[in-house]
>>> print(open('my_file-v5.txt').read())   # compact mmCIF, C-alpha atoms
# COMPACT_ATOMS: atom_id res chain seq x y z
CA LYS A 293 -48.18 46.85 81.08
CA LEU A 294 -45.26 47.39 78.73
CA VAL A 295 -45.88 47.12 75.03
CA ALA A 296 -43.57 46.85 72.05
CA ILE A 297 -43.67 48.60 68.71
CA THR A 298 -45.68 46.08 66.76
CA HIS A 299 -48.34 45.73 64.13
CA HIS A 300 -51.28 43.38 64.38
CA GLY A 301 -51.23 42.75 60.65
CA TRP A 302 -49.96 43.99 57.32
CA PRO A 303 -47.94 45.90 56.56
CA PHE A 304 -45.18 44.63 58.82
CA PRO A 305 -43.32 47.46 60.54
CA THR A 306 -40.05 48.60 59.03
CA ALA A 307 -37.47 51.18 60.03
CA LYS A 308 -39.09 53.51 57.51
CA ASN A 309 -42.72 53.26 58.55
CA ILE A 310 -42.53 52.59 62.29
CA CYS A 311 -41.31 56.07 63.19
CA ILE A 312 -43.60 58.16 60.98
CA ASN A 313 -44.05 61.51 62.75
CA GLY A 314 -40.78 60.89 64.53
CA ARG A 315 -37.33 59.43 64.10
CA TYR A 316 -35.82 56.16 65.23
CA MET A 317 -33.07 56.51 67.85
CA PRO A 318 -30.80 53.43 67.58
CA LYS A 319 -29.01 54.18 70.84
CA TYR A 320 -32.27 53.93 72.77
CA GLY A 321 -34.12 51.52 70.50
CA ARG A 322 -37.14 53.85 70.41
CA CYS A 323 -38.89 56.45 68.34
CA LEU A 324 -38.47 60.09 69.37
CA CYS A 325 -41.71 61.76 68.34
CA ASP A 326 -41.85 65.07 66.50
CA PRO A 327 -43.23 68.14 68.33
CA GLY A 328 -47.00 67.84 68.70
CA TYR A 329 -46.93 64.02 68.66
CA MET A 330 -46.69 61.45 71.43
CA PRO A 331 -45.89 57.72 71.54
CA TYR A 332 -48.65 55.16 71.29
CA GLU A 333 -48.71 51.41 70.86
CA ALA A 334 -48.67 50.94 67.10
CA GLY A 335 -50.94 48.44 65.39
CA ASN A 336 -52.62 47.71 62.08
CA GLY A 337 -50.29 50.04 60.23
CA ASP A 338 -50.65 52.96 62.64
CA PRO A 339 -47.45 54.92 63.29
CA ALA A 340 -45.91 54.81 66.75
CA CYS A 341 -46.09 58.63 67.04
CA GLN A 342 -49.57 60.13 66.89
CA PRO A 343 -51.30 63.36 67.95
CA PRO A 344 -52.85 63.31 71.43
CA LYS A 345 -56.20 61.50 71.30
CA ARG A 346 -57.76 62.53 74.59
CA PRO A 347 -57.91 65.80 76.54
CA SER A 348 -56.05 64.09 79.36
CA ASP A 349 -53.12 63.07 77.11
CA ARG A 350 -49.91 64.93 77.82
CA ILE A 351 -46.98 64.89 75.41
CA PRO A 352 -43.98 63.48 77.34
CA SER A 353 -40.62 65.19 77.39
CA ARG A 354 -37.68 63.95 75.33
CA GLU A 355 -36.16 62.38 78.45
CA VAL A 356 -39.32 60.48 79.28
CA GLN A 357 -39.72 59.26 75.71
CA LEU A 358 -36.20 57.87 75.58
CA GLU A 359 -35.46 56.80 79.16
CA SER A 360 -38.66 55.99 81.02
CA PHE A 361 -41.08 53.08 81.14
CA GLU A 362 -44.62 54.30 81.49
CA PRO A 363 -47.40 52.03 82.82
CA VAL A 364 -49.46 52.31 79.63
CA TRP A 365 -46.89 52.53 76.86
CA SER A 366 -43.24 51.81 76.35
CA LEU A 367 -41.63 52.22 72.97
CA ALA A 368 -39.33 49.27 73.26
CA GLY A 369 -37.44 49.41 70.00
CA PRO A 370 -38.27 47.23 67.03
CA GLY A 371 -36.48 43.95 67.61
CA GLU A 372 -36.65 40.26 66.99
CA VAL A 373 -38.97 39.64 69.91
CA ASP A 374 -42.20 37.79 70.47
CA VAL A 375 -45.07 39.91 71.68
CA GLY A 376 -47.75 37.25 71.79
CA GLY A 377 -48.37 38.07 75.43
CA SER A 378 -49.62 41.51 74.46
CA GLY A 379 -51.92 40.11 71.79
CA CYS A 380 -49.74 41.33 68.93
CA PRO A 381 -48.62 38.38 66.81
CA HIS A 382 -46.05 40.11 64.62
CA ALA A 383 -42.79 41.85 65.41
CA PHE A 384 -40.23 43.87 63.53
CA PRO A 385 -38.49 41.48 61.09
CA ALA A 386 -34.91 42.06 62.21
CA VAL A 387 -32.01 40.28 60.52
CA ASN A 388 -29.64 38.37 62.76
CA PHE A 389 -27.22 36.21 60.83
CA ALA A 390 -25.65 34.61 63.91
CA ARG A 391 -29.08 33.46 64.95
CA LYS A 392 -29.79 32.20 61.45
CA LYS A 393 -26.57 30.22 61.44
CA HIS A 394 -26.79 28.67 64.89
CA GLY A 395 -30.55 28.55 65.53
CA TYR A 396 -32.89 29.89 68.17
CA PHE A 397 -31.70 27.59 70.97
CA TRP A 398 -28.10 28.74 70.66
CA TRP A 399 -29.08 32.39 70.24
CA HIS A 400 -31.32 32.44 73.31
CA ALA A 401 -28.99 30.31 75.45
CA VAL A 402 -26.00 32.58 74.80
CA HIS A 403 -27.88 35.75 75.68
CA LEU A 404 -29.60 34.23 78.72
CA ASN A 405 -26.29 32.89 80.01
CA TYR A 406 -24.67 36.31 79.57
CA LEU A 407 -27.41 38.03 81.55
CA MET A 408 -27.39 35.45 84.34
CA ARG A 409 -23.63 35.17 84.80
CA ASN A 410 -23.14 38.93 84.81
CA ALA A 411 -25.75 39.53 87.51
CA GLU A 412 -24.29 41.03 90.67
CA ASN A 413 -25.24 38.15 92.97
CA TYR A 414 -24.47 35.31 90.53
CA PRO A 415 -21.05 34.39 92.05
CA LYS A 416 -22.63 33.84 95.47
CA LEU A 417 -25.37 31.66 94.02
CA GLU A 418 -22.85 29.63 92.04
CA VAL A 419 -20.78 29.06 95.18
CA TRP A 420 -23.95 27.97 97.00
CA ALA A 421 -24.49 25.27 94.36
CA LYS A 422 -20.85 24.14 94.23
CA ASN A 423 -20.68 23.84 98.03
CA ARG A 424 -23.55 21.36 97.76
CA GLY A 425 -21.84 19.20 95.18
CA LEU A 426 -23.49 20.57 92.09
CA ASP A 427 -20.94 21.05 89.33
CA HIS A 428 -21.51 18.55 86.54
CA ARG A 429 -18.85 20.22 84.40
CA ASN A 430 -15.99 19.11 86.62
CA GLY A 431 -16.84 15.45 85.98
CA GLU A 432 -17.05 14.56 89.68
CA ASP A 433 -20.06 16.35 91.14
CA THR A 434 -22.43 14.95 88.52
CA CYS A 435 -26.11 15.69 88.96
CA ILE A 436 -29.55 15.66 87.39
CA ALA A 437 -31.66 18.78 87.76
CA VAL A 438 -35.35 18.22 88.43
CA HIS A 439 -37.95 20.99 88.40
CA VAL A 440 -41.39 20.11 89.76
CA ARG A 441 -43.97 22.79 89.16
CA HIS A 442 -47.18 22.37 91.09
CA GLY A 443 -49.02 25.45 92.38
CA ASP A 444 -51.16 27.02 89.68
CA ALA A 445 -50.19 24.28 87.20
CA CYS A 446 -52.26 21.82 89.24
CA LEU A 447 -55.27 24.13 89.36
CA ASP A 448 -55.40 25.38 85.78
CA LYS A 449 -58.47 23.80 84.14
CA TYR A 450 -58.22 25.86 80.97
CA SER A 451 -54.60 25.64 79.80
CA LEU A 452 -54.58 21.96 78.95
CA HIS A 453 -50.92 22.06 77.91
CA ARG A 454 -49.97 22.89 81.50
CA THR A 455 -49.73 19.57 83.31
CA CYS A 456 -49.18 18.54 86.91
CA HIS A 457 -47.15 15.43 87.82
CA LYS A 458 -46.37 13.44 90.96
CA TRP A 459 -42.81 12.85 92.13
CA GLU A 460 -43.00 9.20 91.07
CA GLU A 461 -43.16 10.28 87.42
CA TYR A 462 -39.98 12.32 87.78
CA SER A 463 -38.28 9.46 89.60
CA GLU A 464 -39.02 7.15 86.67
CA LYS A 465 -37.33 9.62 84.31
CA ILE A 466 -34.27 9.77 86.57
CA ASP A 467 -33.93 6.00 86.10
CA ILE A 468 -34.18 6.40 82.32
CA LEU A 469 -31.40 9.02 82.20
CA GLU A 470 -29.11 7.01 84.47
CA GLN A 471 -29.63 3.86 82.44
CA LYS A 472 -28.60 5.74 79.32
CA TYR A 473 -25.88 8.09 80.59
CA GLY A 474 -24.66 6.51 83.83
CA ARG A 475 -25.31 7.05 87.52
CA VAL A 476 -24.97 10.54 88.96
CA ARG A 477 -24.03 11.52 92.49
CA SER A 478 -26.74 14.09 93.18
CA ILE A 479 -30.29 15.08 92.31
CA PHE A 480 -31.13 18.75 92.62
CA ILE A 481 -34.83 19.42 93.18
CA ALA A 482 -36.43 22.80 92.54
CA THR A 483 -40.10 22.96 93.43
CA ASP A 484 -42.83 25.15 94.85
CA ASP A 485 -44.31 22.25 96.86
CA ASP A 486 -42.88 21.04 100.19
CA GLN A 487 -44.63 17.69 99.76
CA VAL A 488 -42.50 16.98 96.69
CA ILE A 489 -39.38 17.16 98.87
CA GLU A 490 -40.97 14.85 101.44
CA HIS A 491 -41.92 12.29 98.80
CA ALA A 492 -38.47 12.44 97.19
CA VAL A 493 -36.70 11.85 100.51
CA LYS A 494 -38.94 8.88 101.39
CA ALA A 495 -38.55 7.34 97.91
CA ASN A 496 -34.76 7.73 97.74
CA ILE A 497 -34.02 4.01 97.91
CA LYS A 498 -30.99 4.31 95.60
CA GLY A 499 -29.20 6.62 97.98
CA HIS A 500 -28.81 9.67 95.78
CA ARG A 501 -27.62 12.82 97.45
CA LEU A 502 -30.73 14.99 97.30
CA VAL A 503 -30.05 18.72 97.17
CA TYR A 504 -32.72 21.40 97.59
CA GLN A 505 -33.24 24.73 99.27
CA ASN A 506 -34.06 24.56 102.97
CA ILE A 507 -36.99 26.96 102.77
CA SER A 508 -40.71 26.96 103.44
CA ARG A 509 -42.64 26.70 100.19
CA SER A 510 -46.09 27.25 101.71
CA LYS A 511 -46.12 30.84 100.45
CA TYR A 512 -46.17 29.58 96.86
CA LYS A 513 -49.39 27.62 97.32
CA PRO A 514 -52.20 29.46 95.48
CA LYS A 515 -55.57 29.94 97.12
CA GLY A 516 -57.35 28.97 93.94
CA TRP A 517 -57.26 29.14 90.17
CA GLY A 518 -55.92 32.48 88.95
CA ASP A 519 -54.05 33.19 92.17
CA THR A 520 -50.70 33.24 90.39
CA ILE A 521 -47.42 35.03 91.00
CA ASP A 522 -48.44 37.56 88.34
CA VAL A 523 -51.12 39.01 90.61
CA ARG A 524 -49.71 38.35 94.08
CA SER A 525 -47.96 41.38 95.52
CA ASP A 526 -46.91 39.37 98.59
CA LEU A 527 -44.41 37.51 96.41
CA SER A 528 -42.84 40.69 95.02
CA LYS A 529 -39.99 40.64 97.51
CA PRO A 530 -36.20 40.45 97.06
CA GLU A 531 -35.93 37.28 99.15
CA VAL A 532 -38.51 35.52 96.96
CA VAL A 533 -36.64 36.53 93.81
CA THR A 534 -33.39 35.24 95.33
CA GLU A 535 -35.00 31.87 96.07
CA PHE A 536 -36.14 31.64 92.46
CA VAL A 537 -32.78 32.63 90.96
CA ARG A 538 -30.90 30.31 93.32
CA ASP A 539 -32.99 27.43 92.00
CA VAL A 540 -32.32 28.45 88.39
CA VAL A 541 -28.57 28.70 88.95
CA ALA A 542 -28.45 25.35 90.74
CA LEU A 543 -30.47 23.72 87.94
CA SER A 544 -27.99 25.10 85.41
CA MET A 545 -25.03 23.54 87.27
CA CYS A 546 -26.24 20.00 86.51
CA GLY A 547 -25.72 18.04 83.30
CA MET A 548 -29.24 16.73 82.68
CA PHE A 549 -32.74 18.02 83.21
CA ILE A 550 -36.21 16.68 83.95
CA GLY A 551 -39.22 18.97 84.11
CA THR A 552 -41.96 20.63 82.12
CA PHE A 553 -41.51 23.15 79.34
CA SER A 554 -44.85 24.82 80.02
CA SER A 555 -42.82 26.42 82.79
CA SER A 556 -40.24 28.96 81.65
CA ILE A 557 -37.87 27.55 84.27
CA GLY A 558 -37.75 24.39 82.18
CA TRP A 559 -36.40 25.92 79.02
CA MET A 560 -34.20 28.31 80.99
CA ALA A 561 -32.58 25.32 82.66
CA VAL A 562 -31.76 23.40 79.48
CA GLU A 563 -30.46 26.53 77.77
CA LEU A 564 -28.21 27.49 80.68
CA GLN A 565 -26.94 23.92 81.01
CA ALA A 566 -25.99 23.86 77.34
CA ALA A 567 -24.28 27.24 77.58
CA ARG A 568 -22.32 26.14 80.63
CA LEU A 569 -21.30 22.75 79.25
CA GLY A 570 -20.71 23.88 75.67
CA HIS A 571 -23.01 21.21 74.22
CA TYR A 572 -26.60 20.04 74.35
CA ALA A 573 -27.48 18.41 77.66
CA PRO A 574 -29.88 15.44 77.86
CA PHE A 575 -33.36 16.30 79.09
CA ILE A 576 -36.81 14.77 79.49
CA ALA A 577 -39.96 16.88 79.43
CA LEU A 578 -43.13 15.47 80.94
CA ASP A 579 -45.48 17.71 78.99
CA MET A 580 -44.28 18.94 75.58
CA PRO A 581 -41.26 19.41 73.31
CA TYR A 582 -38.93 22.37 73.85
CA ALA A 583 -40.11 24.03 70.62
CA HIS A 584 -43.84 23.42 71.08
CA ALA A 585 -45.97 26.17 69.53
CA LYS A 586 -47.48 26.99 72.93
CA ASN A 587 -44.13 28.04 74.34
CA VAL A 588 -40.69 28.49 72.81
CA GLY A 589 -42.07 27.56 69.39
CA ARG A 590 -44.11 30.74 69.29
CA PHE A 591 -40.88 32.69 68.79
CA ALA A 592 -40.02 33.04 65.11
CA THR A 593 -36.66 31.37 64.57
CA PHE A 594 -35.58 33.74 61.83
CA ARG A 595 -37.19 36.14 59.41
CA ASP A 596 -35.25 38.25 56.93
CA GLU A 597 -37.82 39.14 54.29
CA ILE A 598 -41.42 40.24 54.16
CA ARG A 599 -43.84 37.41 53.69
CA PRO A 600 -46.49 37.86 50.96
CA SER A 601 -49.65 39.61 52.08
CA VAL A 602 -51.77 37.28 49.97
CA LYS A 603 -51.53 33.60 50.73
CA GLU A 604 -50.70 31.56 47.66
CA GLU A 605 -53.02 28.68 47.01
CA ASP A 606 -51.59 25.19 46.81
CA THR A 607 -51.39 23.77 43.31
>>> encode(input="my_file-v5.txt", output="C-alpha cells")
Amino acid sequence: KLVAITHHGWPFPTAKNICINGRYMPKYGRCLCDPGYMPYEAGNGDPACQPPKRPSDRIPSREVQLESFEPVWSLAGPGEVDVGGSGCPHAFPAVNFARKKHGYFWWHAVHLNYLMRNAENYPKLEVWAKNRGLDHRNGEDTCIAVHVRHGDACLDKYSLHRTCHKWEEYSEKIDILEQKYGRVRSIFIATDDDQVIEHAVKANIKGHRLVYQNISRSKYKPKGWGDTIDVRSDLSKPEVVTEFVRDVVALSMCGMFIGTFSSSIGWMAVELQAARLGHYAPFIALDMPYAHAKNVGRFATFRDEIRPSVKEEDT
C-alpha cells in the first residue's frame, strides 16, 4: 500500500518537524533522508526519516527516495489530503486560500475536471458521448445521468451506509427532476448490473432515449461479500478501466444526476457536471448527502492553524 506522511495524533506534522533527520524537497513533495536514515511512515510524532529498524532494511538511493513508489512506504509529500483509508486521521495542515474562499466542492471539482479533461483518451470518450446525444451544455441534447451501483453494494452487510436500490426508485427520481426542471431528451445509465438495463428498457413508458454502454456486465458481479474490485486481479485490465472512465465522462456530460454518494462515481459525477456547466447541477442521492461524514465529509474543508491539544470544556 502507499502511505502519506501523517501523524496519528499530536503534535500535527509541520514543515519543521516532518523531515527531522532529512530535508523537505518541495519539487518532489517528499523528505530526502540524511545519510544513515531511511523513510518510514511517520506517526505519533515520529519523524519520517529514521535509522533502519530491521536487519533486512536497506537504505534506498536518492533516486528511489524521490522518484519511486515502494510497496510498503511512499513519502507522498505533506498535503491537504485525507488519509483515513490508511488509518491515519490527521494530515499536514496546508493553507490553501482559494479552497478557503470557494469551498471544498469547487476545489475538488476544478482539480478533478483538470485531470479528466487532460487525459490522453478524454477527447475520444467525449466524442462517444456527444455522438449519442449527451451534451446538456448545448441546450439541445439535455439528459439526466443515472448511476446504479449494485455488485458489492447489495452484498455488504456491515457498511450500513452503502445501500442497494431497484431501478424503480431511480425512475421515481427522474420524474421528480423533470417535474421541477423540465423534460429531458435522454437518460444515460451507468451500472454494473445488466438487469438494470433490462428493467429500464421495459419501464420506459415515457419514451426517453436511453443511452448506455453496449457491454456485458457479468464480469462485475461479485461471487460473495468481500469479492470487490479492490481484490480482483481479473478486473485490472485496460479495457475495464476504459469502460469505467467512459461511464464517468458520459455522466459528466449530462445536466442532472441521480445515484448514491457511497459510491465515488456519484460525487465524481456531480463535481464534473458542475465544472463543465459552470454552476451547480441538480442531483438526487438515494443514500446520503454529498458531504456526509462517511464519504466526502471526512475531508477537512480547510485548516490553517493548529487546533488546541487540550479540548476546552463547555461553559
>>> residues_around(input="my_file-v5.txt", residues="A:Glu470", least_positions_apart="6", cutoff="10 Å", atoms="all atoms listed in the file", output="MDAnalysis selection string")
chainID A and resid 436 476 548
>>> write_last_selection(input="my_file-v5.txt", atoms="C-alpha atoms", output="compact mmCIF listing (two decimals), in the coordinates of the input")
# COMPACT_ATOMS: atom_id res chain seq x y z
CA ILE A 436 -29.55 15.66 87.39
CA VAL A 476 -24.97 10.54 88.96
CA MET A 548 -29.24 16.73 82.68
>>> residues_around(input="my_file-v5.txt", residues="A:Ile489", least_positions_apart="5", cutoff="12 Å", atoms="all atoms listed in the file", output="MDAnalysis selection string")
chainID A and resid 438:440 458:460 479:484 494:496 502:509
>>> atom_distance(input="my_file-v5.txt", atom1="atom CA of A:Ile521", atom2="atom CA of A:His453")
18.8 Å
>>> closest_residue(input="my_file-v5.txt", among="A:Pro347, A:Pro530, A:Gly443, A:Gly499", to="A:Ser555", atoms="only C-alpha atoms")
A:Gly443
>>> atom_distance(input="my_file-v5.txt", atom1="atom CA of A:Arg346", atom2="atom CA of A:Val523")
29.2 Å
